[in-house]
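Printed here is work21.tsv (TSV, C-alpha atoms and all ligand atoms):
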```tsv
chain	number	residue	atom	x	y	z
S	1	MET	CA	91.86	111.28	207.11
S	2	SER	CA	92.93	107.87	205.91
S	3	GLN	CA	91.02	107.69	202.73
S	4	ASN	CA	92.68	105.59	200.13
S	5	GLU	CA	91.89	107.48	197.00
S	6	GLN	CA	92.85	106.08	193.67
S	7	ARG	CA	93.96	108.48	191.02
S	8	ASN	CA	92.60	106.39	188.21
S	9	THR	CA	89.17	104.99	188.72
S	10	ARG	CA	89.01	101.62	187.10
S	11	LYS	CA	85.79	101.21	185.30
S	12	CYS	CA	84.77	98.87	182.55
S	13	VAL	CA	84.46	101.01	179.44
S	14	SER	CA	81.68	98.82	178.10
S	15	CYS	CA	79.30	98.45	181.03
S	16	GLY	CA	80.71	101.02	183.42
S	17	ILE	CA	81.01	98.86	186.51
S	18	ASN	CA	83.86	99.28	188.92
S	19	ILE	CA	86.42	96.62	188.12
S	20	VAL	CA	88.76	97.17	191.05
S	21	GLY	CA	89.57	93.75	192.44
S	22	MET	CA	88.16	91.94	189.44
S	23	SER	CA	90.07	90.05	186.82
S	24	ALA	CA	89.66	92.61	184.12
S	25	ALA	CA	91.59	93.23	180.97
S	26	THR	CA	93.67	96.33	180.68
S	27	PHE	CA	95.07	97.52	177.42
S	28	ASP	CA	96.07	100.66	175.63
S	29	CYS	CA	93.87	102.44	173.16
S	30	PRO	CA	95.42	101.98	169.70
S	31	GLU	CA	94.50	105.54	168.86
S	32	CYS	CA	95.71	107.61	171.77
S	33	GLY	CA	97.40	105.13	174.12
S	34	ASN	CA	94.92	105.79	176.89
S	35	GLU	CA	94.49	102.95	179.33
S	36	VAL	CA	91.25	101.10	178.76
S	37	HIS	CA	89.75	98.59	181.14
S	38	ARG	CA	87.20	95.98	180.40
S	39	CYS	CA	85.62	93.54	182.81
S	40	ALA	CA	85.80	89.79	182.31
S	41	LYS	CA	82.13	89.60	181.44
S	42	CYS	CA	82.35	92.10	178.62
S	43	ARG	CA	85.54	90.49	177.43
S	44	LYS	CA	83.79	87.16	177.15
S	45	GLN	CA	80.95	88.70	175.22
S	46	SER	CA	83.38	90.58	172.99
S	47	THR	CA	81.55	93.78	173.73
S	48	LEU	CA	82.83	96.79	171.88
S	49	TYR	CA	84.93	99.12	173.95
S	50	GLU	CA	85.09	102.84	173.66
S	51	CYS	CA	88.04	104.92	174.69
S	52	ASN	CA	86.82	107.63	177.01
S	53	GLN	CA	89.57	109.91	175.81
S	54	CYS	CA	89.37	109.85	172.03
S	55	GLY	CA	86.15	107.96	171.47
S	56	PHE	CA	87.79	105.10	169.56
S	57	THR	CA	85.68	101.97	169.47
S	58	GLY	CA	87.04	98.51	168.84
S	59	PRO	CA	86.48	94.84	169.49
Y	1	ZN	ZN	81.91	95.32	181.50
Y	2	ZN	ZN	91.82	106.58	172.81
```

Could I get this file's structure written as structure tokens?
Amino acid sequence: MSQNEQRNTRKCVSCGINIVGMSAATFDCPECGNEVHRCAKCRKQSTLYECNQCGFTGP
């Protein structure tokens, strides 16, 4: 089997779309340091993000 499985699925935390291959922003949650991804569209709209690990929300 030659399935290229990624350990971390990259999904926009705001809208939930798959951001693999997109120019998305990646940053660390200020609360727990978890990696948070946000797509360019949500970044433009300044949509709130929510850490899927600790539930922290921020701009
Ligand atoms: Zn998004
Ligand atoms: Zn967090």

Original post:
Which residue out of S:Cys15, S:Leu48, S:Cys54, S:Val20 has the minimum interatomic distance to Asn34 in chain S when all atoms listed in the file are used?
Top reply: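 The closest residue to Asn34 in chain S is S:Cys54.
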
Original post:
Rounded to one decimal in Å, what is the spacing between CA of Ser23 in chain S and CA of Arg10 in chain S?
Top reply: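 About the pair CA of Ser23 in chain S and CA of Arg10 in chain S: they are 11.6 Å apart.
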
Original post:
What is the CA of Asn52 in chain S to CA of Ala40 in chain S distance in Å?
Top reply: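 Calculated distance between CA of Asn52 in chain S and CA of Ala40 in chain S is 18.6 Å.
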
Original post:
Can you tell me which residues sit at most 6 Å away from ligand ZN 1 (chain Y), counting all atoms listed in the file, written as a list in words?
Top reply: Cys12, Ser14, Cys15, Arg38, Cys39, Lys41 and Cys42 of chain S

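Nearest-residue note for ligand ZN 2 (chain Y): choosing from S:Val13, S:Cys29, S:Met22, S:Val36, the minimum distance belongs to S:Cys29, counting only C-alpha atoms and all ligand atoms.
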
**OP:** Check every protein, DNA and RNA residue against ligand ZN 2 (chain Y), keep those with an atom at most 10 Å away (counting all atoms listed in the file), and present them as a list in words.
**Re:** Asp28, Cys29, Pro30, Glu31, Cys32, Gly33, Asn34, Glu35, Val36, Glu50, Cys51, Asn52, Gln53, Cys54, Gly55, Phe56 and Thr57 of chain S

Original post:
So what do you get for CA of Ile19 in chain S versus CA of Thr47 in chain S, distance-wise?
Top reply: 15.5 Å
